[in-house]
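Participant: Pasting data_10.tsv here (TSV, C-alpha atoms and all ligand atoms):
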```tsv
chain	number	residue	atom	x	y	z
A	1	VAL	CA	-19.03	22.86	19.70
A	2	GLU	CA	-21.59	20.31	20.68
A	3	TYR	CA	-19.99	16.89	20.87
A	4	ARG	CA	-21.83	13.76	19.87
A	5	HIS	CA	-21.25	10.48	21.65
A	6	PRO	CA	-22.18	8.07	18.86
A	7	LYS	CA	-22.85	4.37	19.18
A	8	ALA	CA	-19.98	2.60	17.51
A	9	ALA	CA	-19.23	-0.98	16.53
A	10	LEU	CA	-16.22	-2.86	15.21
A	11	ALA	CA	-16.33	-4.98	12.05
A	12	MET	CA	-13.14	-6.85	11.13
A	13	ALA	CA	-11.26	-10.10	11.82
A	14	ALA	CA	-12.24	-11.23	15.32
A	15	ASP	CA	-8.71	-11.04	16.75
A	16	LEU	CA	-7.79	-7.77	15.05
A	17	PRO	CA	-9.09	-5.14	17.53
A	18	GLY	CA	-6.82	-6.58	20.24
A	19	ARG	CA	-3.81	-5.98	17.99
A	20	LEU	CA	-4.95	-2.71	16.45
A	21	PHE	CA	-5.69	-0.70	19.60
A	22	SER	CA	-3.15	-0.20	22.37
A	23	PRO	CA	-4.56	0.16	25.92
A	24	ALA	CA	-4.40	3.96	25.59
A	25	GLN	CA	-6.17	3.79	22.24
A	26	TRP	CA	-8.93	1.59	23.69
A	27	ALA	CA	-9.41	4.18	26.42
A	28	ARG	CA	-9.68	6.98	23.88
A	29	LEU	CA	-12.10	4.95	21.75
A	30	ARG	CA	-14.40	4.40	24.76
A	31	LYS	CA	-14.25	8.06	25.63
A	32	LEU	CA	-15.20	9.19	22.15
A	33	ALA	CA	-17.98	6.71	21.47
A	34	GLU	CA	-20.39	4.34	23.11
A	35	LEU	CA	-18.79	1.14	21.94
A	36	HIS	CA	-20.67	-2.11	21.53
A	37	GLU	CA	-18.44	-3.83	24.08
A	38	GLY	CA	-17.15	-7.30	23.43
A	39	VAL	CA	-18.61	-7.41	19.94
A	40	VAL	CA	-16.60	-7.70	16.75
A	41	LEU	CA	-18.80	-8.15	13.71
A	42	THR	CA	-17.34	-10.72	11.31
A	43	GLU	CA	-20.57	-11.00	9.30
A	44	PHE	CA	-23.60	-8.78	8.83
A	45	ASP	CA	-26.23	-11.49	8.26
A	46	SER	CA	-27.06	-13.08	11.63
A	47	PRO	CA	-29.83	-11.69	13.86
A	48	ALA	CA	-27.17	-10.81	16.45
A	49	ALA	CA	-25.15	-8.82	13.91
A	50	ARG	CA	-28.31	-7.14	12.63
A	51	ALA	CA	-29.21	-6.09	16.16
A	52	VAL	CA	-25.85	-4.37	16.54
A	53	LEU	CA	-26.09	-2.75	13.10
A	54	ALA	CA	-29.56	-1.42	13.91
A	55	GLU	CA	-28.09	0.84	16.61
A	56	THR	CA	-24.73	1.71	15.08
A	57	GLU	CA	-23.95	5.25	14.01
A	58	VAL	CA	-20.22	4.80	13.40
A	59	LEU	CA	-18.80	1.55	12.10
A	60	ILE	CA	-15.08	0.96	12.51
A	61	THR	CA	-13.92	-1.50	9.89
A	62	GLY	CA	-10.61	-3.22	9.22
A	63	TRP	CA	-8.99	-6.18	7.50
A	64	MET	CA	-11.50	-8.98	6.84
A	65	SER	CA	-14.44	-6.70	7.49
A	66	PRO	CA	-17.55	-8.17	5.83
A	67	ARG	CA	-18.87	-6.26	2.82
A	68	LEU	CA	-21.22	-3.44	3.70
A	69	ASP	CA	-23.71	-3.94	0.89
A	70	GLU	CA	-27.33	-3.00	0.24
A	71	ALA	CA	-28.69	-5.64	2.64
A	72	ALA	CA	-26.30	-4.76	5.47
A	73	LEU	CA	-27.01	-1.09	4.96
A	74	ALA	CA	-30.74	-1.70	5.13
A	75	ALA	CA	-30.13	-3.21	8.58
A	76	ALA	CA	-28.20	-0.09	9.64
A	77	PRO	CA	-30.62	2.85	9.38
A	78	ARG	CA	-28.61	5.03	11.80
A	79	LEU	CA	-25.25	4.51	10.15
A	80	ARG	CA	-23.57	7.84	9.38
A	81	ALA	CA	-19.88	7.05	9.07
A	82	VAL	CA	-17.57	4.15	8.29
A	83	LEU	CA	-14.00	4.59	9.51
A	84	HIS	CA	-11.68	2.06	7.89
A	85	ALA	CA	-8.57	1.11	9.89
A	86	ALA	CA	-6.75	-0.11	6.78
A	87	GLY	CA	-6.12	0.91	3.17
A	88	SER	CA	-8.50	0.20	0.33
A	89	VAL	CA	-12.19	0.30	1.23
A	90	LYS	CA	-13.33	-1.02	-2.14
A	91	GLY	CA	-13.67	-4.66	-1.10
A	92	HIS	CA	-15.52	-3.72	2.08
A	93	ILE	CA	-17.89	-0.93	1.17
A	94	ALA	CA	-20.39	-1.11	-1.68
A	95	PRO	CA	-21.11	2.00	-3.80
A	96	VAL	CA	-24.60	2.19	-2.26
A	97	CYS	CA	-22.98	3.56	0.94
A	98	TRP	CA	-21.93	6.75	-0.85
A	99	ARG	CA	-25.32	7.06	-2.52
A	100	ARG	CA	-26.88	6.86	0.94
A	101	GLY	CA	-24.61	9.67	2.12
A	102	VAL	CA	-22.65	7.56	4.59
A	103	LEU	CA	-19.27	9.20	5.28
A	104	VAL	CA	-16.32	6.95	4.48
A	105	SER	CA	-12.78	7.44	5.73
A	106	THR	CA	-9.61	5.42	5.16
A	107	ALA	CA	-6.32	4.96	7.00
A	108	ALA	CA	-4.56	4.43	3.64
A	109	GLN	CA	-2.29	7.42	4.25
A	110	ALA	CA	-1.08	5.86	7.51
A	111	ASN	CA	-0.65	2.53	5.74
A	112	ALA	CA	1.40	4.26	3.04
A	113	GLU	CA	4.10	5.18	5.56
A	114	PRO	CA	5.50	1.68	6.24
A	115	VAL	CA	5.24	0.77	2.54
A	116	ALA	CA	7.26	3.86	1.62
A	117	GLU	CA	9.80	3.08	4.34
A	118	TYR	CA	10.12	-0.48	3.10
A	119	THR	CA	10.57	0.80	-0.45
A	120	LEU	CA	13.25	3.25	0.67
A	121	ALA	CA	15.17	0.46	2.41
A	122	VAL	CA	14.82	-1.84	-0.59
A	123	ILE	CA	15.98	0.83	-3.04
A	124	LEU	CA	19.10	1.68	-1.03
A	125	LEU	CA	20.10	-1.96	-0.50
A	126	ALA	CA	19.29	-3.01	-4.06
A	127	LEU	CA	21.26	-0.19	-5.70
A	128	LYS	CA	24.14	-1.01	-3.35
A	129	GLY	CA	24.17	-4.49	-4.90
A	130	VAL	CA	23.84	-6.19	-1.53
A	131	ARG	CA	22.04	-9.28	-2.81
A	132	ALA	CA	24.66	-10.28	-5.38
A	133	ALA	CA	27.61	-9.40	-3.16
A	134	THR	CA	26.14	-11.41	-0.28
A	135	ALA	CA	25.68	-14.40	-2.58
A	136	ARG	CA	29.22	-14.15	-3.94
A	137	TYR	CA	30.76	-13.91	-0.46
A	138	ARG	CA	28.74	-16.83	0.79
A	139	GLU	CA	29.80	-18.93	-2.17
A	140	ARG	CA	33.48	-17.96	-2.27
A	141	ARG	CA	34.27	-17.59	1.43
A	142	GLN	CA	37.28	-15.49	0.51
A	143	PHE	CA	38.04	-11.88	-0.28
A	144	VAL	CA	35.46	-10.24	-2.53
A	145	ASP	CA	36.92	-7.27	-4.34
A	146	VAL	CA	33.67	-5.30	-4.40
A	147	LEU	CA	35.18	-2.22	-6.07
A	148	ARG	CA	36.33	-4.25	-9.08
A	149	GLU	CA	33.78	-7.05	-9.18
A	150	PHE	CA	30.72	-4.83	-8.76
A	151	PRO	CA	31.56	-1.56	-10.48
A	152	GLY	CA	27.93	-0.80	-11.33
A	153	ILE	CA	26.61	-0.51	-7.78
A	154	GLY	CA	26.03	2.49	-5.52
A	155	ASN	CA	23.59	5.12	-4.35
A	156	HIS	CA	25.05	8.16	-6.06
A	157	GLY	CA	23.57	9.59	-9.24
A	158	ARG	CA	21.59	6.45	-10.13
A	159	GLN	CA	18.33	6.58	-12.04
A	160	VAL	CA	15.26	5.55	-10.04
A	161	GLY	CA	11.81	5.34	-11.61
A	162	LEU	CA	8.53	5.37	-9.71
A	163	VAL	CA	5.25	4.30	-11.29
A	164	GLY	CA	2.32	6.17	-9.77
A	165	ALA	CA	2.15	9.45	-7.85
A	166	SER	CA	-0.03	7.63	-5.35
A	167	ARG	CA	-0.02	8.22	-1.60
A	168	ILE	CA	2.83	5.73	-1.39
A	169	GLY	CA	4.61	6.98	-4.52
A	170	ARG	CA	4.60	10.56	-3.20
A	171	ARG	CA	5.85	9.49	0.21
A	172	VAL	CA	8.68	7.52	-1.43
A	173	ILE	CA	9.66	10.68	-3.32
A	174	GLU	CA	9.78	12.59	0.00
A	175	LEU	CA	11.81	9.89	1.74
A	176	LEU	CA	14.29	9.75	-1.15
A	177	ARG	CA	14.89	13.49	-1.10
A	178	PRO	CA	18.03	13.43	1.14
A	179	PHE	CA	19.78	10.97	-1.21
A	180	SER	CA	21.62	11.75	-4.42
A	181	LEU	CA	19.46	9.69	-6.75
A	182	GLU	CA	17.79	10.91	-9.95
A	183	LEU	CA	14.03	10.41	-9.70
A	184	SER	CA	11.61	9.88	-12.58
A	185	LEU	CA	7.90	9.31	-12.35
A	186	ALA	CA	5.28	7.83	-14.67
A	187	ASP	CA	1.65	8.71	-13.99
A	188	PRO	CA	-0.94	9.61	-16.64
A	189	TYR	CA	-2.88	11.68	-14.08
A	190	LEU	CA	-0.01	13.91	-13.04
A	191	ASP	CA	0.62	17.18	-14.86
A	192	PRO	CA	4.13	18.52	-15.51
A	193	ALA	CA	3.71	21.41	-13.06
A	194	GLU	CA	2.93	18.99	-10.23
A	195	ALA	CA	5.90	16.84	-11.19
A	196	ARG	CA	8.16	19.90	-11.05
A	197	GLU	CA	6.81	20.68	-7.60
A	198	LEU	CA	7.60	17.14	-6.52
A	199	GLY	CA	11.08	17.58	-7.94
A	200	VAL	CA	10.89	14.61	-10.29
A	201	ARG	CA	11.12	14.13	-14.03
A	202	LEU	CA	7.77	13.11	-15.55
A	203	LEU	CA	8.22	10.39	-18.16
A	204	PRO	CA	5.99	8.15	-20.21
A	205	LEU	CA	6.11	4.63	-18.73
A	206	ASP	CA	8.07	3.17	-21.67
A	207	ASP	CA	10.81	5.80	-21.36
A	208	LEU	CA	10.97	5.36	-17.60
A	209	LEU	CA	11.46	1.60	-17.99
A	210	ARG	CA	14.15	2.15	-20.64
A	211	GLU	CA	16.12	4.71	-18.66
A	212	CYS	CA	15.93	3.73	-15.01
A	213	GLU	CA	18.16	1.28	-13.19
A	214	LEU	CA	15.53	0.58	-10.57
A	215	VAL	CA	11.78	0.82	-11.11
A	216	SER	CA	9.33	0.71	-8.19
A	217	VAL	CA	5.63	0.24	-8.84
A	218	HIS	CA	3.09	2.18	-6.73
A	219	ALA	CA	-0.06	2.36	-8.86
A	220	PRO	CA	-3.45	1.05	-7.73
A	221	ALA	CA	-4.89	-2.24	-9.01
A	222	ILE	CA	-7.64	-1.03	-11.34
A	223	PRO	CA	-8.69	-2.42	-14.73
A	224	GLU	CA	-6.39	-0.05	-16.64
A	225	THR	CA	-3.31	-1.06	-14.65
A	226	ARG	CA	-3.78	-4.81	-15.03
A	227	HIS	CA	-0.55	-6.14	-16.61
A	228	MET	CA	0.54	-2.56	-17.31
A	229	ILE	CA	4.05	-3.98	-17.11
A	230	ASP	CA	3.78	-6.77	-19.67
A	231	GLY	CA	6.39	-8.77	-21.58
A	232	ARG	CA	7.03	-5.96	-24.05
A	233	ARG	CA	7.64	-3.45	-21.29
A	234	LEU	CA	9.77	-5.83	-19.21
A	235	ALA	CA	12.00	-6.18	-22.27
A	236	LEU	CA	12.56	-2.40	-22.18
A	237	LEU	CA	14.32	-2.66	-18.79
A	238	ARG	CA	18.09	-2.31	-18.89
A	239	ASP	CA	20.29	-5.31	-18.19
A	240	GLY	CA	20.74	-5.58	-14.42
A	241	ALA	CA	17.73	-3.39	-13.66
A	242	VAL	CA	15.79	-4.00	-10.46
A	243	LEU	CA	12.00	-4.11	-10.51
A	244	VAL	CA	10.28	-3.53	-7.15
A	245	ASN	CA	6.61	-4.31	-6.64
A	246	THR	CA	4.93	-3.46	-3.35
A	247	ALA	CA	1.67	-2.52	-5.10
A	248	ARG	CA	-0.31	-5.48	-6.42
A	249	GLY	CA	0.64	-8.59	-8.37
A	250	SER	CA	-1.89	-7.83	-11.10
A	251	LEU	CA	0.14	-4.81	-12.29
A	252	ILE	CA	2.84	-7.08	-13.73
A	253	ASP	CA	2.40	-9.94	-16.19
A	254	GLN	CA	3.89	-12.51	-13.88
A	255	ASP	CA	4.56	-15.24	-16.47
A	256	ALA	CA	6.54	-12.73	-18.51
A	257	LEU	CA	8.31	-11.59	-15.34
A	258	VAL	CA	9.28	-15.16	-14.38
A	259	ALA	CA	10.69	-15.71	-17.89
A	260	GLU	CA	12.69	-12.48	-17.71
A	261	LEU	CA	13.98	-13.35	-14.21
A	262	ALA	CA	14.88	-16.92	-15.22
A	263	SER	CA	17.20	-15.48	-17.86
A	264	GLY	CA	19.02	-13.63	-15.07
A	265	ARG	CA	18.84	-10.36	-17.01
A	266	ILE	CA	17.01	-8.39	-14.32
A	267	GLU	CA	16.29	-8.63	-10.58
A	268	ALA	CA	13.03	-8.28	-8.70
A	269	VAL	CA	11.89	-7.41	-5.21
A	270	LEU	CA	8.34	-8.66	-4.83
A	271	ASP	CA	6.10	-8.08	-1.82
A	272	VAL	CA	3.00	-8.91	-3.83
A	273	THR	CA	2.26	-11.55	-6.44
A	274	GLU	CA	-0.58	-13.11	-8.33
A	275	PRO	CA	-2.07	-15.14	-6.80
A	276	GLU	CA	-1.46	-13.39	-3.52
A	277	VAL	CA	0.06	-16.58	-2.10
A	278	LEU	CA	2.08	-18.32	-4.81
A	279	SER	CA	1.69	-22.00	-5.59
A	280	PRO	CA	4.36	-24.09	-3.80
A	281	ASP	CA	6.19	-24.80	-7.08
A	282	SER	CA	6.51	-21.18	-8.19
A	283	PRO	CA	10.05	-20.35	-9.38
A	284	LEU	CA	9.73	-17.02	-7.57
A	285	TYR	CA	10.47	-18.83	-4.28
A	286	THR	CA	13.83	-20.10	-5.53
A	287	LEU	CA	15.22	-17.82	-8.24
A	288	PRO	CA	18.42	-16.28	-6.83
A	289	ASN	CA	17.69	-12.86	-8.32
A	290	VAL	CA	14.30	-12.54	-6.58
A	291	TRP	CA	13.70	-11.19	-3.11
A	292	LEU	CA	10.24	-12.36	-2.16
A	293	THR	CA	8.36	-11.21	0.94
A	294	PRO	CA	4.89	-12.30	2.12
A	295	HIS	CA	2.93	-9.06	1.57
A	296	MET	CA	4.38	-7.30	4.57
A	297	ALA	CA	5.32	-3.81	3.38
A	298	GLY	CA	2.12	-2.30	4.80
A	299	ALA	CA	1.38	-1.83	8.49
A	300	GLN	CA	2.59	-4.76	10.62
A	301	GLY	CA	3.42	-5.21	14.28
A	302	SER	CA	3.77	-1.85	16.01
A	303	GLU	CA	2.80	-0.02	12.82
A	304	VAL	CA	-0.85	-1.04	13.08
A	305	HIS	CA	-1.33	1.45	15.94
A	306	ARG	CA	-0.89	4.21	13.34
A	307	LEU	CA	-4.03	2.91	11.65
A	308	ALA	CA	-5.89	3.01	14.97
A	309	ASP	CA	-4.69	6.58	15.51
A	310	VAL	CA	-6.20	7.66	12.20
A	311	VAL	CA	-9.53	6.08	13.12
A	312	LEU	CA	-9.52	7.77	16.54
A	313	GLU	CA	-8.66	11.15	14.99
A	314	GLU	CA	-11.47	10.73	12.48
A	315	LEU	CA	-13.85	9.69	15.24
A	316	ALA	CA	-12.87	12.77	17.23
A	317	ARG	CA	-13.53	14.96	14.20
A	318	TYR	CA	-16.88	13.30	13.60
A	319	THR	CA	-17.97	13.76	17.21
A	320	ALA	CA	-17.01	17.45	17.02
A	321	GLY	CA	-18.96	17.90	13.79
A	322	LEU	CA	-15.80	18.52	11.77
A	323	PRO	CA	-15.24	17.14	8.26
A	324	LEU	CA	-13.20	13.93	8.08
A	325	ALA	CA	-9.50	14.37	7.31
A	326	HIS	CA	-9.20	11.29	5.08
A	327	PRO	CA	-12.53	10.99	3.28
A	328	VAL	CA	-12.96	8.50	0.45
A	329	LEU	CA	-15.02	10.17	-2.24
A	330	ALA	CA	-17.27	8.31	-4.67
A	331	GLU	CA	-15.90	10.15	-7.70
A	332	GLU	CA	-12.27	9.10	-7.09
A	333	LEU	CA	-13.02	5.41	-6.51
A	334	ASP	CA	-12.09	4.17	-9.98
A	335	ARG	CA	-8.63	5.74	-9.87
A	336	ILE	CA	-7.47	4.86	-6.33
A	337	ALA	CA	-6.37	1.69	-4.57
B	401	LIG	N1	2.39	-4.18	-0.01
B	401	LIG	C1	1.53	-3.67	0.87
B	401	LIG	O1	1.46	-4.11	2.00
B	401	LIG	C2	0.63	-2.54	0.45
B	401	LIG	C3	0.06	-1.71	1.43
B	401	LIG	C4	-0.71	-0.61	1.01
B	401	LIG	C5	-0.96	-0.39	-0.33
B	401	LIG	N2	-0.42	-1.24	-1.25
B	401	LIG	C6	-0.62	-1.01	-2.69
B	401	LIG	O2	0.23	0.08	-3.06
B	401	LIG	C7	-0.35	0.75	-4.20
B	401	LIG	C8	-0.45	2.25	-3.93
B	401	LIG	O3	-1.36	2.47	-2.86
B	401	LIG	P1	-1.83	3.96	-2.53
B	401	LIG	O4	-2.79	3.92	-1.42
B	401	LIG	O5	-0.63	4.81	-2.41
B	401	LIG	O6	-2.57	4.30	-3.91
B	401	LIG	P2	-3.51	5.56	-4.25
B	401	LIG	O7	-4.92	5.18	-4.10
B	401	LIG	O8	-3.03	6.77	-3.52
B	401	LIG	O9	-3.17	5.72	-5.81
B	401	LIG	C9	-3.97	6.52	-6.61
B	401	LIG	C10	-3.07	7.27	-7.58
B	401	LIG	O10	-2.37	6.36	-8.43
B	401	LIG	C11	-2.08	7.02	-9.64
B	401	LIG	N3	-2.45	6.21	-10.79
B	401	LIG	C12	-3.70	5.82	-11.16
B	401	LIG	N4	-3.66	5.14	-12.31
B	401	LIG	C13	-2.35	5.08	-12.68
B	401	LIG	C14	-1.68	4.51	-13.80
B	401	LIG	N5	-2.34	3.88	-14.77
B	401	LIG	N6	-0.33	4.63	-13.87
B	401	LIG	C15	0.34	5.29	-12.90
B	401	LIG	N7	-0.25	5.85	-11.83
B	401	LIG	C16	-1.57	5.75	-11.72
B	401	LIG	C17	-2.87	8.33	-9.65
B	401	LIG	O11	-1.98	9.39	-9.34
B	401	LIG	C18	-3.88	8.15	-8.54
B	401	LIG	O12	-4.22	9.34	-7.93
B	401	LIG	C19	-1.70	0.09	-4.44
B	401	LIG	O13	-1.57	-0.90	-5.44
B	401	LIG	C20	-2.00	-0.56	-3.11
B	401	LIG	O14	-2.89	-1.64	-3.25
B	401	LIG	C21	0.35	-2.30	-0.89
```
Will you turn the file into structure tokens for me?
Facilitator:
Amino acid sequence: VEYRHPKAALAMAADLPGRLFSPAQWARLRKLAELHEGVVLTEFDSPAARAVLAETEVLITGWMSPRLDEAALAAAPRLRAVLHAAGSVKGHIAPVCWRRGVLVSTAAQANAEPVAEYTLAVILLALKGVRAATARYRERRQFVDVLREFPGIGNHGRQVGLVGASRIGRRVIELLRPFSLELSLADPYLDPAEARELGVRLLPLDDLLRECELVSVHAPAIPETRHMIDGRRLALLRDGAVLVNTARGSLIDQDALVAELASGRIEAVLDVTEPEVLSPDSPLYTLPNVWLTPHMAGAQGSEVHRLADVVLEELARYTAGLPLAHPVLAEELDRIA
């Protein structure tokens, strides 16, 4: 194999590379490519940025990477590959990149891991009834007879519904395998044979919402999934059901959700909302039956090094002339995150 030693540049939030790459990962990056040292592109418009782009063969992008559009691409005649150290590339890479034959890779599979782990933890604690029992104990400060006061809780034989056989949805199915929960899945793109292979029951979304005691949403934010869980569908949920959203706020009609939560009929675990950061007076901050986290299910802290590992593996494959392991293909763009 003849190895290439491509010129590479970083494009992302200015302070991100220092968090993303461990010392060992920096060393590997410098070994694999001729890195534009000390440069992190946060825009593609200035003469300085254009000068870097003009020489770059591999662009390593990440959160806050500026959009690689027609104009930026015109300034990057040698660009052959974009390796994205995060999930969705849609906001960062314009369709023209695929038309120009630039290879695009994503670390979405590595970012799916912590989201699936978070979902697993949430499912087990939610079905155990930990939130309500904690609140009751705190309020009463005396014996709580959990067996009699919370007869509906537990992680044995309960019905769990997943929406979307996405990277994350599939990983959640794998992680849930050792537990004795009954799994159902709603996904219009999945055929029954695949569902059987995954070991889950394939259901239409309405039936899944009606039957499951906990529903976790893992579909991408695309036009057809906007408000896919609307007021009518929220009303299908059983009393006491838990709705988990680590996907995107746009998938759920949030006004309808707030109304349903205010009635106390269901519970929600929300890592994402619409808007992304709620207004200070949103009831979602204070409702007792809501567990709200600041969009943290994906890679954080130590987990970001997994994203860097994917980029380095892809870079190694590129330099060896091998196909990328996590390519993003133009034809799948309108169905993925
Ligand atoms: N909270 C976080 O920090 C975090 C981190 C990463 C991803 N996410 C979100 O998690 C979700 C899943 O991400 P991913 O990378 O696993 O997605 P993905 O790109 O793998 O999902 C694509 C799949 O979703 C399924 N799908 C498409 N349309 C659907 C529909 N109408 N109903 C049901 N399923 C449908 C199809 O099987 C498709 O192949 C996305 O919304 C993503 O933005 C959140």
Participant: Grab me every residue within 7 Å of ligand LIG 401 (chain B), counting all atoms listed in the file, and send it over as a PDB file with C-alpha atoms, keeping the file's coordinate frame.
Facilitator:
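This went into selection_0.pdb:
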```
ATOM      1  CA  GLY A  87      -6.120   0.910   3.170  1.00  0.00           C
ATOM      2  CA  SER A  88      -8.500   0.200   0.330  1.00  0.00           C
ATOM      3  CA  ALA A 108      -4.560   4.430   3.640  1.00  0.00           C
ATOM      4  CA  GLN A 109      -2.290   7.420   4.250  1.00  0.00           C
ATOM      5  CA  ASN A 111      -0.650   2.530   5.740  1.00  0.00           C
ATOM      6  CA  ALA A 112       1.400   4.260   3.040  1.00  0.00           C
ATOM      7  CA  VAL A 115       5.240   0.770   2.540  1.00  0.00           C
ATOM      8  CA  VAL A 163       5.250   4.300 -11.290  1.00  0.00           C
ATOM      9  CA  GLY A 164       2.320   6.170  -9.770  1.00  0.00           C
ATOM     10  CA  ALA A 165       2.150   9.450  -7.850  1.00  0.00           C
ATOM     11  CA  SER A 166      -0.030   7.630  -5.350  1.00  0.00           C
ATOM     12  CA  ARG A 167      -0.020   8.220  -1.600  1.00  0.00           C
ATOM     13  CA  ILE A 168       2.830   5.730  -1.390  1.00  0.00           C
ATOM     14  CA  GLY A 169       4.610   6.980  -4.520  1.00  0.00           C
ATOM     15  CA  ALA A 186       5.280   7.830 -14.670  1.00  0.00           C
ATOM     16  CA  ASP A 187       1.650   8.710 -13.990  1.00  0.00           C
ATOM     17  CA  PRO A 188      -0.940   9.610 -16.640  1.00  0.00           C
ATOM     18  CA  TYR A 189      -2.880  11.680 -14.080  1.00  0.00           C
ATOM     19  CA  LEU A 190      -0.010  13.910 -13.040  1.00  0.00           C
ATOM     20  CA  HIS A 218       3.090   2.180  -6.730  1.00  0.00           C
ATOM     21  CA  ALA A 219      -0.060   2.360  -8.860  1.00  0.00           C
ATOM     22  CA  PRO A 220      -3.450   1.050  -7.730  1.00  0.00           C
ATOM     23  CA  ALA A 221      -4.890  -2.240  -9.010  1.00  0.00           C
ATOM     24  CA  GLU A 224      -6.390  -0.050 -16.640  1.00  0.00           C
ATOM     25  CA  THR A 225      -3.310  -1.060 -14.650  1.00  0.00           C
ATOM     26  CA  THR A 246       4.930  -3.460  -3.350  1.00  0.00           C
ATOM     27  CA  ALA A 247       1.670  -2.520  -5.100  1.00  0.00           C
ATOM     28  CA  ARG A 248      -0.310  -5.480  -6.420  1.00  0.00           C
ATOM     29  CA  ASP A 271       6.100  -8.080  -1.820  1.00  0.00           C
ATOM     30  CA  VAL A 272       3.000  -8.910  -3.830  1.00  0.00           C
ATOM     31  CA  HIS A 295       2.930  -9.060   1.570  1.00  0.00           C
ATOM     32  CA  MET A 296       4.380  -7.300   4.570  1.00  0.00           C
ATOM     33  CA  ALA A 297       5.320  -3.810   3.380  1.00  0.00           C
ATOM     34  CA  GLY A 298       2.120  -2.300   4.800  1.00  0.00           C
ATOM     35  CA  ALA A 299       1.380  -1.830   8.490  1.00  0.00           C
ATOM     36  CA  ARG A 335      -8.630   5.740  -9.870  1.00  0.00           C
ATOM     37  CA  ILE A 336      -7.470   4.860  -6.330  1.00  0.00           C
ATOM     38  CA  ALA A 337      -6.370   1.690  -4.570  1.00  0.00           C
TER      39      ALA A 337
END
```
Participant: Write out as a PyMOL selection string the residues lying within 7 Å of Leu83 of chain A, counting all atoms listed in the file and excluding same-chain residues fewer than 3 positions away.
Facilitator: chain A and resi 59-61+104-106+311
Participant: In Å, rounded to a single decimal, give me how far atom CA of Leu103 of chain A is from atom CA of Val328 of chain A.
Facilitator: 8.0 Å
Participant: Taking all atoms listed in the file into account, name the residue in A:His36, A:Lys7, A:Arg19, A:Arg28 that is nearest to Thr56 of chain A.
Facilitator: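 Once distances to Thr56 of chain A are computed over all atoms listed in the file, the minimum belongs to A:Lys7.
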Participant: If I take atom CA of Arg306 of chain A and atom CA of Thr273 of chain A, how far is one from the other in Å, to one decimal?
Facilitator: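 Taking atom CA of Arg306 of chain A and atom CA of Thr273 of chain A, their separation equals 25.5 Å.
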Participant: In terms of the shortest atom-to-atom distance over only C-alpha atoms, which of A:Thr119, A:His326, A:Leu261, A:Glu314 is closest to Leu29 of chain A?
Facilitator: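 Smallest distance to Leu29 of chain A is found for A:Glu314.
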Participant: Quote the spacing between atom CA of Leu32 of chain A and atom CA of Phe44 of chain A in Å to one decimal place.
Facilitator: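 It comes out at 23.9 Å.
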Participant: Which one of A:Glu37, A:Asp309, A:Glu274, A:Glu43 sits closest to Asp253 of chain A if you count only C-alpha atoms?
Facilitator: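 Answer, going by the shortest atom-to-atom distance: A:Glu274.
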Participant: Using all atoms listed in the file, can you tell me which of A:Ala133, A:Leu183, A:Leu315, A:Ala51 comes closest to Pro6 of chain A?
Facilitator: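 For Pro6 of chain A, the nearest of the candidates is A:Leu315.
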Participant: Restricting the calculation to only C-alpha atoms: of A:Asp281, A:Pro178, A:Val58, A:Pro288, which residue gets closest to Glu34 of chain A?
Facilitator: A:Val58
Participant: Closest to Leu214 of chain A among A:Ala81, A:Ile153, A:Ile252, A:Val39, using all atoms listed in the file?
Facilitator: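 Among the listed residues, the smallest separation from Leu214 of chain A belongs to A:Ile153.
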Participant: Contacts of Arg210 of chain A at 7 Å or less, counting only C-alpha atoms, minus same-chain residues fewer than 4 places along, as a list in words?
Facilitator: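 The filter keeps Asp206, Leu236, Leu237 and Arg238 of chain A.
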Participant: Please list as a PyMOL selection string every residue within 10 Å of Arg78 of chain A, counting all atoms listed in the file and excluding residues in the same chain fewer than 4 positions away.
Facilitator: chain A and resi 7+53-58+73-74+102
Participant: Axis-aligned box over every listed atom of segment 71-90 of chain A, padded by 4 Å per side: centre and edges in Å to one decimal, as JSON?
Facilitator:
```
{"center_x": -18.4, "center_y": 1.1, "center_z": 4.8, "size_x": 32.6, "size_y": 21.5, "size_z": 21.9}
```
